[in-house]
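Enquirer: I'd like to ask you about the structure that follows.
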Amino acid sequence: MTTPLLSIKGLTKAYPGVVANDDVSFDIGPSEVHALLGENGAGKSTLVKMIYGLVKPDSGQMVWQGKAFTPSDPKTARASGVAMVFQHFSLFDALKVSENVALGMENPPPMRDLARQIRRVSETYGLPLDPNRTVGDLSAGERQRVEIIRCLLQDPKLLIMDEPTSVLTPQEVDILFKTLNKLRAEGTSILYISHKLEEIRKLCDHATILRLGKNVGECVPAETSARDMAEMMVGDTLQTPTRSTEKAGDVVLDVSGLTLEPTNPFGTTLKNVHFTVRAGEILGIGGVAGNGQDELLAALSGESLTWPDAVKVKGQDVANLGPNARRERGILAAPEERLGHAAAPDMTLTENALLTGAIREGLTNRGFVNWTAANNFAKSIIEKFDVRTPGTHVAARALSGGNLQKFVIGREVLQRPEVLVVNQPTWGVDAAAAAAIRQSLLDLAAEGAAIVVISQDLDELMEISDRFGALNEGRLSDIRPAAGLTVDEIGLMMGGAHGMEVASVGDQKQEGASA
Amino acid sequence: MDLSAINPVLLIASLMVAATPLLLAAVGELIVERSGVLNLGVEGMMIIGAIAGFAISVETTSPMLGLIAAMVAGAVLSLLFAFLTQFALANQVASGLALTLFGLGLSALMGRSYVGIKPPAMAKLDLPILSDIPVLGPILFSHDPVLYFGIALTAAVYWFLKKSRAGLILRAVGESHDAAHALGYNVIRVRILAIMFGGACAGLGGAYISLIRVPQWTEGMTAGIGWIALALVVFASWKPWRVLLGAYLFGGINVLQLNLQAAGIAIPVEYLAMSPYLITILVLVIMSADKSRAPAALGRTFHASQ
């Protein structure tokens with residue numbers, strides 16, 4: 001066997017109150033795509049920060065190509081050949097692409113040469129990018145390209161990617177995987193952190209699974225089922241959401257002829273959207289991000305007001321009512337963006353619970369807040385939805401993505417909605433938490449609520465929805481029963497009425513985004 | 001009213017003198033704010049520079065030593081702010097206000113025995129031939145060295161921010177300290193150096209008032225120039241040349257309105273006195289209507305977690 005590129009031996013790192021990594025050991029071979037798997041809080045990020053020199057281990061050692069490796073800061077790590085693409089991009093919005101790249105290099109060439117190099121590398125790897133654009137104007141996928149190109153310009157031997165696909169559209173994921181495969185073929189090793197198991201099965205040669213800071217197993221992803229890997233991550237058998245077979249009731253939500261101009265300049269116009277949802281039914285809405293999902297949620301939640309009679313609940317017109325008036329009528333929503341839209345980042349969980357729960361939970365009295373009741377409401381969300389947090393006084397920002405998502409969904413579910421609209425309910429959430437969230441949606445439907453789930457995760461939609469439709473450029477396809485739909489049929493629905501154009505729709509989006 | 005009493009050549013020459021303290025303080029604060037720190041203590045650092053420079057040059061009879069002492073005093077006072085905000089993680093607005101109040105009080109205490117004394121005069125940079133050119137000579141070539149230093153500093157700061165790698169790092173730190181930290185840059189060190197630069201510039205600006213522009217010491221003699229400098233940085237959209245323009249505009253209208261007052265023009269003094277503020281702000285607001293914006297991390301406390 002060849003010497004591994006990087007051997008990790010018994011790495012341990014403890015923070016006050018929590019052991020982030022406990023005696024973790026594994027090897028990364030040359031030209032290997034190595035997956036690091038684990039739930040939120042399993043210690044993946046801490047481990048890669050130690051490799052990148054941002055965090056010093058308490059004990060244990062790393063061996064890089066046969067020599068001891070103790071990076072004291074990211075500069076030494078980069079000098080050895082480690083490069084990292086961060087989960088939350090380490091980019092500067094107000095600076096140009098070339099300036100951002102220069103900041104991540106030890107000895108950048110003069111700006112003009114650097115711009116030429118960026119063009120060359122971006123074309124070689126199929127990641128088109130203009131070095132003179134300001135990063136703040138780029139899409140999430142293009143921003144990630146900036147990070148990747150910044151790494152590639154330094155000829156890394158090991159590229160660390162921390163949850164790279166959580167912000168990408170499926171088309172962008174495909175492009176990314178092509179780039180990574182090309183890098184592997186050229187001899188670069190990749191340490192790939194994710195909890196999207198299907199991606200890992202497609203891409204990675206080897207996987208190490210972390211649970212609560214410990215290495216609990218290794219596997220070859222292509223030969224292991226996603227379910228087995230998920231169970232290794234969770235350390236328990238995974239609960240598959242179970243669906244009751246209750247008959248659907250009367251029509252609760254009736255959307256007809258919904259046309260809506262977007263509020264932000266990069267949005268999509270909704271064009272003549274029709275659908276109905278019955279009591280006890282879950283309608284799944286798929287489609288590539290940016291095809292009108294945000295606008296649909298806004299129209300249903302009351303953030304955007306629409307023409308009379310476009311949105312009716314139990315026969316009553318609600319199209320001209322704001323969010324609070326709709327909440328009074330039992331129409332609740334959980335938007336996609338957790339920090340800043342679904343929750344106020346710097347406010348405590350109690351305050352966040354109050355923000356949407358005040359009306360239906362009776363948390364205010366003549367303009368005065370009943371803090372005891374608000375706190376109890378927040379506590380009950382934390383208990384019933386297994387939100388892991390020290391208490392209700394914690395700021396929403398301090399929760400991990402999965403925990404905050406459980407809180408946000410739980411907050412709406414516990415208000416006994418009659419209509420619930422959720423966008424990307426399990427985005428960036430680990431397998432166990434995602435299963436819990438889906439189960440809670442199914443339970444809510446079983447109690448007679450009408451639910452609209454907007455998601456880009458087709459597996460999720462097939463698992464929980466009764467009927468399925470897809471948004472494409474602001475138009476909604478015909479709604480069809482979810483049971484028995486094939487992947488090809490779904491692809492057709494996502495391509496709109498023009499036939500099989502799934503791929504080209506994605507390509508147009510790419511061009512549009514980089515134009 | 002006798003407008004012919006106003007000599008345009010002298011007017012331009014004196015507006016450059018009037019603008020220099022403001023320019024120095026504002027250029028320093030520009031660097032501080034570009035690194036993501038809002039130091040409201042400019043007024044305090046200026047007045048400390050004014051008294052330190054005055055006292056040292058009286059004691060040593062060397063104006064040059066006085067100017068150096070003023071820069072050191074401003075930088076030392078700014079270190080107090082740096083300690084409070086960068087290590088003790090105190091609120092920047094409150095710390096800056098405290099710095100101003102502290103500086104005003106301390107300077108009054110230090111300056112008690114210097115009231116009514118005349119400081120040694122700063123030699124003008126006398127360039128033979130050049131300074132004898134009619135019109136251009138008095139305007140461009142017969143000033144004190146500090147005035148030229150201020151213009152050179154503006155150019156240097158422009159080059160530093162636009163072209164140098166250190167300037168790029170400074171801007172990066174001011175844009176997103178978390179990202180800069182993740183890339184391995186020492187955010188705290190960059191910010192402390194920026195704060196000290198700002199302190200030194202403010203100190204020099206203060207000493208320019210007490211040694212050259214007014215030559216004497218009076219309590220609170222900076223009279224709000226530090227606050228104008230703070231506003232100037234914002235209205236100049238954090239761009240060095242606009243700071244220079246704004247400072248000269250402010251200085252110019254100030255000198256002009258004083259001349260108009262002396263000429264006995266029939267506009268109430270109050271309107272004349274407020275005109276420099278109004279016109280400077282108006283011009284810079286119109287200019288800042290482009291898409292330039294504040295450094296994203298301005299005023300936010302950085303703490304390297306984990």
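Each chain in the structure tokens gets a letter, A, B, ..., in the order shown, and its residues are numbered from 1; ligands are numbered from 1 in order too.
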If we count only C-alpha atoms, what is near stretch 387-399 of chain A at a cut-off of 6 Å, once residues fewer than 4 positions away on the same chain are taken out, given as a list in words?
Expert: Pro345, Asp346, Met347, Thr348, Leu349, Thr350, Ile382, Asn403 and Leu404 of chain A
Enquirer: Generate the output file for the selected residues, N, CA and C atoms, as a CSV table (one decimal), in the first residue's frame.
Expert:
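Final file, again_16.csv:
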```csv
chain,number,residue,atom,x,y,z
A,345,PRO,N,-31.9,36.5,13.9
A,345,PRO,CA,-30.7,35.8,14.4
A,345,PRO,C,-30.3,36.2,15.8
A,346,ASP,N,-30.4,37.5,16.1
A,346,ASP,CA,-29.8,38.0,17.4
A,346,ASP,C,-30.8,38.0,18.6
A,347,MET,N,-32.0,37.5,18.3
A,347,MET,CA,-33.0,37.4,19.3
A,347,MET,C,-33.1,36.0,19.9
A,348,THR,N,-33.5,36.0,21.2
A,348,THR,CA,-33.5,34.7,21.9
A,348,THR,C,-34.6,33.8,21.3
A,349,LEU,N,-34.6,32.5,21.7
A,349,LEU,CA,-35.6,31.6,21.2
A,349,LEU,C,-37.0,32.0,21.7
A,350,THR,N,-37.0,32.5,22.9
A,350,THR,CA,-38.3,33.0,23.5
A,350,THR,C,-38.9,34.1,22.6
A,382,ILE,N,-38.9,23.3,22.2
A,382,ILE,CA,-37.6,22.6,22.4
A,382,ILE,C,-37.8,21.2,22.8
A,403,ASN,N,-30.7,22.3,14.3
A,403,ASN,CA,-31.5,22.6,15.5
A,403,ASN,C,-32.4,23.8,15.3
A,404,LEU,N,-31.9,24.8,14.6
A,404,LEU,CA,-32.8,26.0,14.4
A,404,LEU,C,-33.9,25.6,13.5
```
Enquirer: Could you list, as a PyMOL selection string, every residue within 7 Å of A:Gly448, counting only C-alpha atoms and ignoring same-chain residues fewer than 3 positions away?
Expert: chain A and resi 279-280+444-445
Enquirer: Quick one: write out the picked residues with N, CA and C atoms as a short mmCIF file (atom, residue, chain, number, x, y, z; two decimals), in the first residue's frame?
Expert:
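Writing the result to selection.cif gives the following:
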```cif
data_model
loop_
_atom_site.label_atom_id
_atom_site.label_comp_id
_atom_site.auth_asym_id
_atom_site.auth_seq_id
_atom_site.Cartn_x
_atom_site.Cartn_y
_atom_site.Cartn_z
N ALA A 279 -57.96 19.01 3.29
CA ALA A 279 -57.60 18.75 4.68
C ALA A 279 -56.94 17.38 4.76
N GLY A 280 -55.84 17.28 5.52
CA GLY A 280 -55.19 15.99 5.68
C GLY A 280 -54.29 15.60 4.54
N LEU A 444 -49.04 16.08 11.38
CA LEU A 444 -49.90 17.25 11.31
C LEU A 444 -50.99 17.04 10.25
N ALA A 445 -50.59 16.47 9.14
CA ALA A 445 -51.57 16.20 8.09
C ALA A 445 -52.60 15.19 8.57
#
```
Enquirer: Give the alpha helix (DSSP H) residues of stretch 84-249 of chain B, as DSSP finds them on the backbone, and put them as JSON, numbers by chain.
Expert: {"B": [92, 93, 94, 95, 96, 97, 98, 99, 100, 101, 102, 103, 104, 105, 106, 107, 108, 109, 110, 136, 137, 138, 139, 140, 145, 146, 147, 148, 149, 150, 151, 152, 153, 154, 155, 156, 157, 158, 159, 160, 161, 162, 163, 165, 166, 167, 168, 169, 170, 171, 172, 173, 174, 175, 177, 178, 179, 180, 181, 182, 187, 188, 189, 190, 191, 192, 193, 194, 195, 196, 197, 198, 199, 200, 201, 202, 203, 204, 205, 206, 207, 208, 225, 226, 227, 228, 229, 230, 231, 232, 233, 234, 235, 240, 241, 242, 243, 244, 245, 246, 247, 248, 249]}
Enquirer: Given a cut-off of 10 Å, which residues of chain B touch chain A, counting only C-alpha atoms, written out as a VMD selection string?
Expert: chain B and resid 163 165 168 to 169 171 to 185 292 to 296 306
Enquirer: DSSP on the backbone, then: every residue of stretch 284-384 of chain A marked strand (DSSP E), written as a PDB file with C-alpha atoms, in the first residue's frame.
Expert:
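So result_33.pdb came out as:
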```pdb
ATOM      1  CA  GLY A 284     -45.284  18.547  -2.660  1.00  0.00           C
ATOM      2  CA  ILE A 285     -43.905  21.242  -4.969  1.00  0.00           C
ATOM      3  CA  GLY A 286     -40.570  20.546  -6.614  1.00  0.00           C
ATOM      4  CA  VAL A 311     -55.908  32.617  -2.563  1.00  0.00           C
ATOM      5  CA  LYS A 312     -58.931  31.233  -0.729  1.00  0.00           C
ATOM      6  CA  VAL A 313     -59.018  29.297   2.523  1.00  0.00           C
ATOM      7  CA  GLN A 316     -62.969  32.765   2.218  1.00  0.00           C
ATOM      8  CA  ASP A 317     -60.825  35.148   0.187  1.00  0.00           C
ATOM      9  CA  ILE A 331     -52.519  29.888   7.799  1.00  0.00           C
ATOM     10  CA  LEU A 332     -48.909  29.533   8.892  1.00  0.00           C
ATOM     11  CA  ALA A 333     -45.651  29.432   6.986  1.00  0.00           C
ATOM     12  CA  ALA A 334     -41.985  28.557   7.513  1.00  0.00           C
ATOM     13  CA  THR A 364     -49.844  39.110  24.316  1.00  0.00           C
ATOM     14  CA  ASN A 365     -52.506  40.911  26.273  1.00  0.00           C
ATOM     15  CA  PHE A 368     -48.240  43.688  26.776  1.00  0.00           C
ATOM     16  CA  VAL A 369     -46.143  40.573  26.308  1.00  0.00           C
TER      17      VAL A 369
END
```
Enquirer: Would you work out the distance separating atom CA of B:Gln257 from atom CA of B:Ile133, expressed in Å to one decimal?
Expert: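 Spanning atom CA of B:Gln257 to atom CA of B:Ile133 is a straight-line distance of 27.3 Å.
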Enquirer: Identify which of the residues B:Val42, B:Ala26, B:Leu232, B:Val72 lies closest to B:Leu153, counting only C-alpha atoms when measuring atom-to-atom distances.
Expert: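 Once distances to B:Leu153 are computed over only C-alpha atoms, the minimum belongs to B:Ala26.
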